[in-house]
Amino acid sequence: MNRIESRLEELGYALPVAPAPVASYVNCVRTGNQVFVSGGLPLDGDRLITGKVGEDVDVEEARRAAKLIILNRLAVLREFLGDLDQITRIVAVGGFVSCGPDFTEHPAVINGASDLLVEVFGEAGRHSRTAVGAPSLPLGAAVEINLIVEVAPPVA
Amino acid sequence: MNRIESRLEELGYALPVAPAPVASYVNCVRTGNQVFVSGGLPLDGDRLITGKVGEDVDVEEARRAAKLIILNRLAVLREFLGDLDQITRIVAVGGFVSCGPDFTEHPAVINGASDLLVEVFGEAGRHSRTAVGAPSLPLGAAVEINLIVEVAPPVA
Amino acid sequence: MNRIESRLEELGYALPVAPAPVASYVNCVRTGNQVFVSGGLPLDGDRLITGKVGEDVDVEEARRAAKLIILNRLAVLREFLGDLDQITRIVAVGGFVSCGPDFTEHPAVINGASDLLVEVFGEAGRHSRTAVGAPSLPLGAAVEINLIVEVAPPVA
């Protein structure tokens, strides 16, 4: 088993089956050394975590939703790259929180994603980030997250 | 006429005149093999499609708005690149839907963009995607879409 | 003093102390010739400019908030790169405006950022841009902006 998958196992995380995109696009596109990963939704097994954060969903549950998205984004990357050890850096995280006009704790929610990435990838997991609110997200999801990762160039 | 423009014609699409940015920025910036295309609004000729999707604008009309944005983004890229055949891959699509808190059909709306890209570019049109809601968009637009595309390196 | 810092001084701008991220991520990540800069919030000294644009905050004040974000993003880039002259192009600006469903002046707000970038960097400051609304932003901020910049390759 490779390094990052061993690390995930050691931390007690199991990757889910990579979810299929909900429409006519793909999960990942590679250009040069960058892989762009489509916005993922919080699947807890087969159930989508839906609702407004701060109203229907509390911050703790939303943070867990963000973590679940990262696990399914890593599943998608494993499927695409063959091996998570190809990832040399988590470059950028875009986090969208479904919420109302008075919500202010977007950073705490998206920390569920950021903390997991650093836990799993160490220094290479330290990323730039943008966290914002949205009035609603696809299928009523509570959180949505996309990623850009850097991968190793193919060995010549 | 080049390959992609012939394909657009064959599919019955005419590219509009490339719209000018609504403020002090540019439509496209190239860095390395990537071109970043500014967020575009749905212009139907001279008319901007405005309103909240799911309230003032139905999903079918919003999907058409998404398609119109792609046509005007392709017009912008043709102007910038000289030739759409320079595009080797549609890398990423960011789709913003103006909507209320109960809207859930963001994917169906942005499919208007995704389906057209695949129809025109084939496999090279298959992109990563993030679709989210927004309480409002510039000038009251119903939809806004940005793109990152990969282009061929200049021939040495 | 280097060229861009001289230009800032000439224009009467002082860079603030680079603010620390509000959570477990970093301000900047470099991959190849691109630097991704995390979403920044409008700090006026120690005070965060909060509220809904078009309601609590007028467009002129929001435009000033966008400008303040660029000054603190440049402070962050100076800290990261050592020298702002490393920047060869401002590639992309993502601007989020906290606002209600009837707001339409997102471009005027984010022009506070765009105009300053062009004023400081000249042609290299002309960027692609996406401006959208959000129902709320981290800590109640009125505006949030992220950037992608291109930097010179290291001298061989």
# chains A, B, ... in the order shown; residues from 1 in each chain; ligands from 1
>>> residues_around(residues="Arg129 (chain B)", least_positions_apart="4", cutoff="6 Å", atoms="only C-alpha atoms", output="number ranges by chain")
A: 38; B: 92-94
>>> closest_atom_pairs(of="chain B", to="chain C", cutoff="12 Å", atoms="only C-alpha atoms", output="JSON lines")
{"residue": "B:Pro21", "atom": "CA", "partner": "C:Arg129", "partner_atom": "CA", "distance": 9.2}
{"residue": "B:Val22", "atom": "CA", "partner": "C:Pro107", "partner_atom": "CA", "distance": 7.1}
{"residue": "B:Ala23", "atom": "CA", "partner": "C:Pro107", "partner_atom": "CA", "distance": 6.3}
{"residue": "B:Ser24", "atom": "CA", "partner": "C:Ser114", "partner_atom": "CA", "distance": 6.0}
{"residue": "B:Tyr25", "atom": "CA", "partner": "C:His127", "partner_atom": "CA", "distance": 5.5}
{"residue": "B:Val26", "atom": "CA", "partner": "C:Ser128", "partner_atom": "CA", "distance": 5.3}
{"residue": "B:Asn27", "atom": "CA", "partner": "C:Ser128", "partner_atom": "CA", "distance": 5.7}
{"residue": "B:Cys28", "atom": "CA", "partner": "C:Ser128", "partner_atom": "CA", "distance": 5.5}
{"residue": "B:Val29", "atom": "CA", "partner": "C:Ser128", "partner_atom": "CA", "distance": 5.9}
{"residue": "B:Arg30", "atom": "CA", "partner": "C:Val91", "partner_atom": "CA", "distance": 7.5}
{"residue": "B:Thr31", "atom": "CA", "partner": "C:Glu150", "partner_atom": "CA", "distance": 6.9}
{"residue": "B:Gly32", "atom": "CA", "partner": "C:Asn33", "partner_atom": "CA", "distance": 8.2}
{"residue": "B:Asn33", "atom": "CA", "partner": "C:Asn33", "partner_atom": "CA", "distance": 11.3}
{"residue": "B:Gln34", "atom": "CA", "partner": "C:Val91", "partner_atom": "CA", "distance": 10.1}
{"residue": "B:Val35", "atom": "CA", "partner": "C:Val91", "partner_atom": "CA", "distance": 9.0}
{"residue": "B:Phe36", "atom": "CA", "partner": "C:Ser128", "partner_atom": "CA", "distance": 6.3}
{"residue": "B:Val37", "atom": "CA", "partner": "C:Ser128", "partner_atom": "CA", "distance": 6.0}
{"residue": "B:Ser38", "atom": "CA", "partner": "C:Arg129", "partner_atom": "CA", "distance": 4.7}
{"residue": "B:Gly39", "atom": "CA", "partner": "C:Thr130", "partner_atom": "CA", "distance": 4.5}
{"residue": "B:Gly40", "atom": "CA", "partner": "C:Thr130", "partner_atom": "CA", "distance": 8.0}
{"residue": "B:Leu41", "atom": "CA", "partner": "C:Thr130", "partner_atom": "CA", "distance": 10.3}
{"residue": "B:Thr50", "atom": "CA", "partner": "C:Thr104", "partner_atom": "CA", "distance": 10.2}
{"residue": "B:Gly51", "atom": "CA", "partner": "C:Asp102", "partner_atom": "CA", "distance": 9.2}
{"residue": "B:Lys52", "atom": "CA", "partner": "C:Pro101", "partner_atom": "CA", "distance": 8.3}
{"residue": "B:Val53", "atom": "CA", "partner": "C:Pro101", "partner_atom": "CA", "distance": 11.6}
{"residue": "B:Glu55", "atom": "CA", "partner": "C:Pro101", "partner_atom": "CA", "distance": 11.9}
{"residue": "B:Val76", "atom": "CA", "partner": "C:Ser128", "partner_atom": "CA", "distance": 11.9}
{"residue": "B:Val93", "atom": "CA", "partner": "C:Thr130", "partner_atom": "CA", "distance": 11.9}
{"residue": "B:Gly94", "atom": "CA", "partner": "C:Thr130", "partner_atom": "CA", "distance": 9.4}
{"residue": "B:Gly95", "atom": "CA", "partner": "C:Val132", "partner_atom": "CA", "distance": 10.5}
{"residue": "B:Phe96", "atom": "CA", "partner": "C:Val132", "partner_atom": "CA", "distance": 7.7}
{"residue": "B:Val97", "atom": "CA", "partner": "C:Val132", "partner_atom": "CA", "distance": 9.7}
{"residue": "B:Ser98", "atom": "CA", "partner": "C:Pro101", "partner_atom": "CA", "distance": 8.2}
{"residue": "B:Cys99", "atom": "CA", "partner": "C:Pro101", "partner_atom": "CA", "distance": 8.1}
{"residue": "B:Gly100", "atom": "CA", "partner": "C:Pro101", "partner_atom": "CA", "distance": 8.0}
{"residue": "B:Pro101", "atom": "CA", "partner": "C:Pro135", "partner_atom": "CA", "distance": 9.7}
{"residue": "B:Val132", "atom": "CA", "partner": "C:Ala134", "partner_atom": "CA", "distance": 10.3}
{"residue": "B:Gly133", "atom": "CA", "partner": "C:Ala134", "partner_atom": "CA", "distance": 8.4}
{"residue": "B:Ala134", "atom": "CA", "partner": "C:Gly133", "partner_atom": "CA", "distance": 5.5}
{"residue": "B:Pro135", "atom": "CA", "partner": "C:Pro101", "partner_atom": "CA", "distance": 4.8}
{"residue": "B:Ser136", "atom": "CA", "partner": "C:Pro101", "partner_atom": "CA", "distance": 5.0}
{"residue": "B:Leu137", "atom": "CA", "partner": "C:Val132", "partner_atom": "CA", "distance": 5.1}
{"residue": "B:Pro138", "atom": "CA", "partner": "C:Thr104", "partner_atom": "CA", "distance": 5.0}
{"residue": "B:Leu139", "atom": "CA", "partner": "C:Thr104", "partner_atom": "CA", "distance": 4.5}
{"residue": "B:Gly140", "atom": "CA", "partner": "C:Thr104", "partner_atom": "CA", "distance": 5.1}
{"residue": "B:Ala141", "atom": "CA", "partner": "C:Thr104", "partner_atom": "CA", "distance": 8.3}
{"residue": "B:Ala142", "atom": "CA", "partner": "C:Thr104", "partner_atom": "CA", "distance": 11.1}
{"residue": "B:Val143", "atom": "CA", "partner": "C:Val132", "partner_atom": "CA", "distance": 10.0}
{"residue": "B:Glu144", "atom": "CA", "partner": "C:Val132", "partner_atom": "CA", "distance": 8.1}
{"residue": "B:Ile145", "atom": "CA", "partner": "C:Thr130", "partner_atom": "CA", "distance": 8.3}
{"residue": "B:Asn146", "atom": "CA", "partner": "C:Thr130", "partner_atom": "CA", "distance": 6.9}
{"residue": "B:Leu147", "atom": "CA", "partner": "C:Thr130", "partner_atom": "CA", "distance": 9.9}
{"residue": "B:Ile148", "atom": "CA", "partner": "C:Ala92", "partner_atom": "CA", "distance": 10.3}
>>> atom_distance(atom1="CA of Val109 (chain C)", atom2="CA of Ala18 (chain C)")
22.5 Å
>>> select_by_dssp(residues="chain A", states="helix (DSSP H, G or I)", output="ChimeraX atom specification")
/A:3-10,59-81,84-86,106-125,138-140
>>> atom_distance(atom1="CA of Gly12 (chain B)", atom2="CA of Val57 (chain B)")
24.6 Å
>>> atom_distance(atom1="CA of Ala14 (chain A)", atom2="CA of Ala75 (chain A)")
9.3 Å
>>> closest_residue(among="A:Gly45, A:Glu123, A:Asp85, A:Pro153", to="Ala65 (chain A)", atoms="only C-alpha atoms")
A:Gly45
>>> residues_around(residues="Leu15 (chain A)", least_positions_apart="5", cutoff="8 Å", atoms="only C-alpha atoms", output="tab-separated table (two decimals) with N, CA and C atoms, in the first residue's frame")
chain	number	residue	atom	x	y	z
A	71	LEU	N	-12.79	13.29	1.65
A	71	LEU	CA	-12.60	11.84	1.48
A	71	LEU	C	-13.11	11.40	0.11
A	72	ASN	N	-14.27	11.94	-0.32
A	72	ASN	CA	-14.72	11.49	-1.65
A	72	ASN	C	-13.92	12.14	-2.79
A	74	LEU	N	-10.69	12.62	-2.53
A	74	LEU	CA	-9.47	11.79	-2.57
A	74	LEU	C	-9.77	10.46	-3.27
A	75	ALA	N	-10.98	9.94	-3.10
A	75	ALA	CA	-11.36	8.71	-3.80
A	75	ALA	C	-11.34	8.95	-5.31
>>> decode(residues="region 6-155 of chain C", atoms="C-alpha atoms", output="PDB file, in the first residue's frame")
ATOM      1  CA  SER C   6       8.230  52.494  -5.507  1.00  0.00           C
ATOM      2  CA  ARG C   7       5.126  52.722  -7.665  1.00  0.00           C
ATOM      3  CA  LEU C   8       2.888  51.986  -4.635  1.00  0.00           C
ATOM      4  CA  GLU C   9       4.665  54.701  -2.650  1.00  0.00           C
ATOM      5  CA  GLU C  10       4.401  57.155  -5.532  1.00  0.00           C
ATOM      6  CA  LEU C  11       0.636  56.487  -5.658  1.00  0.00           C
ATOM      7  CA  GLY C  12       0.424  57.128  -1.908  1.00  0.00           C
ATOM      8  CA  TYR C  13      -0.296  53.559  -0.830  1.00  0.00           C
ATOM      9  CA  ALA C  14       1.312  51.862   2.168  1.00  0.00           C
ATOM     10  CA  LEU C  15       1.148  48.096   2.441  1.00  0.00           C
ATOM     11  CA  PRO C  16      -0.275  46.842   5.743  1.00  0.00           C
ATOM     12  CA  VAL C  17       1.264  44.050   7.788  1.00  0.00           C
ATOM     13  CA  ALA C  18       0.420  40.779   5.975  1.00  0.00           C
ATOM     14  CA  PRO C  19      -2.615  39.353   7.783  1.00  0.00           C
ATOM     15  CA  ALA C  20      -2.493  35.729   8.965  1.00  0.00           C
ATOM     16  CA  PRO C  21      -5.062  33.300   7.532  1.00  0.00           C
ATOM     17  CA  VAL C  22      -8.132  32.970   9.782  1.00  0.00           C
ATOM     18  CA  ALA C  23      -7.841  29.170   9.796  1.00  0.00           C
ATOM     19  CA  SER C  24      -5.691  26.135   8.979  1.00  0.00           C
ATOM     20  CA  TYR C  25      -4.462  27.075   5.529  1.00  0.00           C
ATOM     21  CA  VAL C  26      -1.764  29.325   4.058  1.00  0.00           C
ATOM     22  CA  ASN C  27      -1.880  32.667   2.286  1.00  0.00           C
ATOM     23  CA  CYS C  28      -0.013  31.588  -0.859  1.00  0.00           C
ATOM     24  CA  VAL C  29       0.901  28.415  -2.718  1.00  0.00           C
ATOM     25  CA  ARG C  30       3.251  28.394  -5.689  1.00  0.00           C
ATOM     26  CA  THR C  31       2.974  25.742  -8.392  1.00  0.00           C
ATOM     27  CA  GLY C  32       5.161  26.202 -11.460  1.00  0.00           C
ATOM     28  CA  ASN C  33       4.969  29.883 -12.402  1.00  0.00           C
ATOM     29  CA  GLN C  34       1.623  30.458 -10.703  1.00  0.00           C
ATOM     30  CA  VAL C  35       0.954  31.668  -7.171  1.00  0.00           C
ATOM     31  CA  PHE C  36      -2.537  31.063  -5.775  1.00  0.00           C
ATOM     32  CA  VAL C  37      -3.466  33.651  -3.137  1.00  0.00           C
ATOM     33  CA  SER C  38      -6.167  32.769  -0.584  1.00  0.00           C
ATOM     34  CA  GLY C  39      -9.386  34.769  -0.382  1.00  0.00           C
ATOM     35  CA  GLY C  40      -8.671  37.943   1.611  1.00  0.00           C
ATOM     36  CA  LEU C  41     -11.021  40.055   3.704  1.00  0.00           C
ATOM     37  CA  PRO C  42     -11.189  43.882   3.898  1.00  0.00           C
ATOM     38  CA  LEU C  43      -9.137  44.959   6.889  1.00  0.00           C
ATOM     39  CA  ASP C  44      -9.006  48.689   7.565  1.00  0.00           C
ATOM     40  CA  GLY C  45      -6.162  48.634  10.071  1.00  0.00           C
ATOM     41  CA  ASP C  46      -7.539  46.250  12.706  1.00  0.00           C
ATOM     42  CA  ARG C  47     -11.174  46.714  11.767  1.00  0.00           C
ATOM     43  CA  LEU C  48     -12.930  44.324   9.385  1.00  0.00           C
ATOM     44  CA  ILE C  49     -15.403  46.028   7.030  1.00  0.00           C
ATOM     45  CA  THR C  50     -18.575  44.015   7.544  1.00  0.00           C
ATOM     46  CA  GLY C  51     -22.194  44.076   6.368  1.00  0.00           C
ATOM     47  CA  LYS C  52     -24.256  43.744   3.217  1.00  0.00           C
ATOM     48  CA  VAL C  53     -23.266  45.920   0.302  1.00  0.00           C
ATOM     49  CA  GLY C  54     -26.245  47.993  -0.874  1.00  0.00           C
ATOM     50  CA  GLU C  55     -27.744  47.878   2.629  1.00  0.00           C
ATOM     51  CA  ASP C  56     -25.224  48.412   5.479  1.00  0.00           C
ATOM     52  CA  VAL C  57     -22.310  49.392   3.245  1.00  0.00           C
ATOM     53  CA  ASP C  58     -22.658  51.628   0.182  1.00  0.00           C
ATOM     54  CA  VAL C  59     -20.977  50.890  -3.163  1.00  0.00           C
ATOM     55  CA  GLU C  60     -18.284  53.543  -2.626  1.00  0.00           C
ATOM     56  CA  GLU C  61     -17.277  52.067   0.752  1.00  0.00           C
ATOM     57  CA  ALA C  62     -17.367  48.537  -0.726  1.00  0.00           C
ATOM     58  CA  ARG C  63     -15.102  49.647  -3.559  1.00  0.00           C
ATOM     59  CA  ARG C  64     -12.704  50.972  -0.931  1.00  0.00           C
ATOM     60  CA  ALA C  65     -12.965  47.601   0.848  1.00  0.00           C
ATOM     61  CA  ALA C  66     -11.976  45.841  -2.403  1.00  0.00           C
ATOM     62  CA  LYS C  67      -8.960  48.161  -2.685  1.00  0.00           C
ATOM     63  CA  LEU C  68      -7.924  47.433   0.909  1.00  0.00           C
ATOM     64  CA  ILE C  69      -8.069  43.704   0.177  1.00  0.00           C
ATOM     65  CA  ILE C  70      -5.694  44.159  -2.764  1.00  0.00           C
ATOM     66  CA  LEU C  71      -3.282  46.109  -0.546  1.00  0.00           C
ATOM     67  CA  ASN C  72      -3.301  43.295   2.021  1.00  0.00           C
ATOM     68  CA  ARG C  73      -3.004  40.633  -0.727  1.00  0.00           C
ATOM     69  CA  LEU C  74       0.048  42.515  -2.057  1.00  0.00           C
ATOM     70  CA  ALA C  75       1.469  42.550   1.474  1.00  0.00           C
ATOM     71  CA  VAL C  76       0.967  38.789   1.598  1.00  0.00           C
ATOM     72  CA  LEU C  77       2.633  38.346  -1.810  1.00  0.00           C
ATOM     73  CA  ARG C  78       5.574  40.539  -0.810  1.00  0.00           C
ATOM     74  CA  GLU C  79       6.065  38.373   2.269  1.00  0.00           C
ATOM     75  CA  PHE C  80       5.827  35.194   0.174  1.00  0.00           C
ATOM     76  CA  LEU C  81       7.912  36.248  -2.841  1.00  0.00           C
ATOM     77  CA  GLY C  82      10.355  38.589  -1.090  1.00  0.00           C
ATOM     78  CA  ASP C  83       9.821  41.115  -3.871  1.00  0.00           C
ATOM     79  CA  LEU C  84       6.691  42.184  -5.784  1.00  0.00           C
ATOM     80  CA  ASP C  85       8.807  42.630  -8.932  1.00  0.00           C
ATOM     81  CA  GLN C  86       8.704  38.829  -9.261  1.00  0.00           C
ATOM     82  CA  ILE C  87       5.090  39.211 -10.430  1.00  0.00           C
ATOM     83  CA  THR C  88       4.946  39.113 -14.234  1.00  0.00           C
ATOM     84  CA  ARG C  89       1.146  39.141 -14.591  1.00  0.00           C
ATOM     85  CA  ILE C  90      -2.027  39.314 -12.539  1.00  0.00           C
ATOM     86  CA  VAL C  91      -3.836  36.318 -14.069  1.00  0.00           C
ATOM     87  CA  ALA C  92      -7.206  36.041 -12.361  1.00  0.00           C
ATOM     88  CA  VAL C  93      -9.264  37.869  -9.744  1.00  0.00           C
ATOM     89  CA  GLY C  94     -12.261  36.270  -8.023  1.00  0.00           C
ATOM     90  CA  GLY C  95     -14.464  38.814  -6.260  1.00  0.00           C
ATOM     91  CA  PHE C  96     -17.302  37.951  -3.873  1.00  0.00           C
ATOM     92  CA  VAL C  97     -19.695  40.652  -2.674  1.00  0.00           C
ATOM     93  CA  SER C  98     -21.899  40.075   0.384  1.00  0.00           C
ATOM     94  CA  CYS C  99     -25.306  41.300  -0.744  1.00  0.00           C
ATOM     95  CA  GLY C 100     -29.012  40.649  -1.098  1.00  0.00           C
ATOM     96  CA  PRO C 101     -31.058  39.370  -4.056  1.00  0.00           C
ATOM     97  CA  ASP C 102     -31.646  42.815  -5.618  1.00  0.00           C
ATOM     98  CA  PHE C 103     -28.042  43.983  -5.751  1.00  0.00           C
ATOM     99  CA  THR C 104     -26.638  44.512  -9.273  1.00  0.00           C
ATOM    100  CA  GLU C 105     -23.482  46.620  -8.850  1.00  0.00           C
ATOM    101  CA  HIS C 106     -20.940  43.839  -8.223  1.00  0.00           C
ATOM    102  CA  PRO C 107     -18.719  45.123 -11.075  1.00  0.00           C
ATOM    103  CA  ALA C 108     -18.480  48.618  -9.547  1.00  0.00           C
ATOM    104  CA  VAL C 109     -17.423  47.099  -6.208  1.00  0.00           C
ATOM    105  CA  ILE C 110     -14.743  44.808  -7.608  1.00  0.00           C
ATOM    106  CA  ASN C 111     -13.452  47.654  -9.793  1.00  0.00           C
ATOM    107  CA  GLY C 112     -11.881  48.923  -6.562  1.00  0.00           C
ATOM    108  CA  ALA C 113      -9.556  45.920  -6.861  1.00  0.00           C
ATOM    109  CA  SER C 114      -9.164  45.912 -10.652  1.00  0.00           C
ATOM    110  CA  ASP C 115      -8.414  49.619 -10.958  1.00  0.00           C
ATOM    111  CA  LEU C 116      -5.747  49.446  -8.261  1.00  0.00           C
ATOM    112  CA  LEU C 117      -4.048  46.439  -9.883  1.00  0.00           C
ATOM    113  CA  VAL C 118      -3.851  48.234 -13.227  1.00  0.00           C
ATOM    114  CA  GLU C 119      -2.688  51.448 -11.527  1.00  0.00           C
ATOM    115  CA  VAL C 120       0.158  49.599  -9.783  1.00  0.00           C
ATOM    116  CA  PHE C 121       1.193  46.961 -12.345  1.00  0.00           C
ATOM    117  CA  GLY C 122       0.221  48.692 -15.619  1.00  0.00           C
ATOM    118  CA  GLU C 123      -0.390  46.259 -18.518  1.00  0.00           C
ATOM    119  CA  ALA C 124       0.790  43.323 -16.360  1.00  0.00           C
ATOM    120  CA  GLY C 125      -2.027  44.197 -13.966  1.00  0.00           C
ATOM    121  CA  ARG C 126      -4.774  43.565 -16.538  1.00  0.00           C
ATOM    122  CA  HIS C 127      -6.486  40.377 -15.364  1.00  0.00           C
ATOM    123  CA  SER C 128      -9.383  38.046 -16.051  1.00  0.00           C
ATOM    124  CA  ARG C 129     -12.126  38.440 -13.472  1.00  0.00           C
ATOM    125  CA  THR C 130     -15.237  36.860 -12.033  1.00  0.00           C
ATOM    126  CA  ALA C 131     -17.471  38.944  -9.733  1.00  0.00           C
ATOM    127  CA  VAL C 132     -20.444  37.353  -7.992  1.00  0.00           C
ATOM    128  CA  GLY C 133     -22.702  37.836  -4.972  1.00  0.00           C
ATOM    129  CA  ALA C 134     -22.759  35.804  -1.745  1.00  0.00           C
ATOM    130  CA  PRO C 135     -25.440  35.857   0.971  1.00  0.00           C
ATOM    131  CA  SER C 136     -22.675  36.103   3.587  1.00  0.00           C
ATOM    132  CA  LEU C 137     -18.883  35.881   3.826  1.00  0.00           C
ATOM    133  CA  PRO C 138     -16.439  34.792   6.563  1.00  0.00           C
ATOM    134  CA  LEU C 139     -16.731  36.831   9.791  1.00  0.00           C
ATOM    135  CA  GLY C 140     -19.450  38.952   8.168  1.00  0.00           C
ATOM    136  CA  ALA C 141     -17.030  40.565   5.691  1.00  0.00           C
ATOM    137  CA  ALA C 142     -18.563  42.826   3.032  1.00  0.00           C
ATOM    138  CA  VAL C 143     -16.181  41.672   0.262  1.00  0.00           C
ATOM    139  CA  GLU C 144     -13.728  38.808  -0.318  1.00  0.00           C
ATOM    140  CA  ILE C 145     -11.170  38.537  -3.128  1.00  0.00           C
ATOM    141  CA  ASN C 146      -8.711  35.851  -4.242  1.00  0.00           C
ATOM    142  CA  LEU C 147      -6.003  36.047  -6.899  1.00  0.00           C
ATOM    143  CA  ILE C 148      -3.848  33.960  -9.188  1.00  0.00           C
ATOM    144  CA  VAL C 149      -0.618  35.659 -10.250  1.00  0.00           C
ATOM    145  CA  GLU C 150       2.142  34.588 -12.619  1.00  0.00           C
ATOM    146  CA  VAL C 151       5.702  34.908 -11.368  1.00  0.00           C
ATOM    147  CA  ALA C 152       9.053  34.860 -13.138  1.00  0.00           C
ATOM    148  CA  PRO C 153      10.769  31.476 -13.308  1.00  0.00           C
ATOM    149  CA  PRO C 154      13.817  31.298 -11.065  1.00  0.00           C
ATOM    150  CA  VAL C 155      16.944  32.503 -12.851  1.00  0.00           C
TER     151      VAL C 155
END
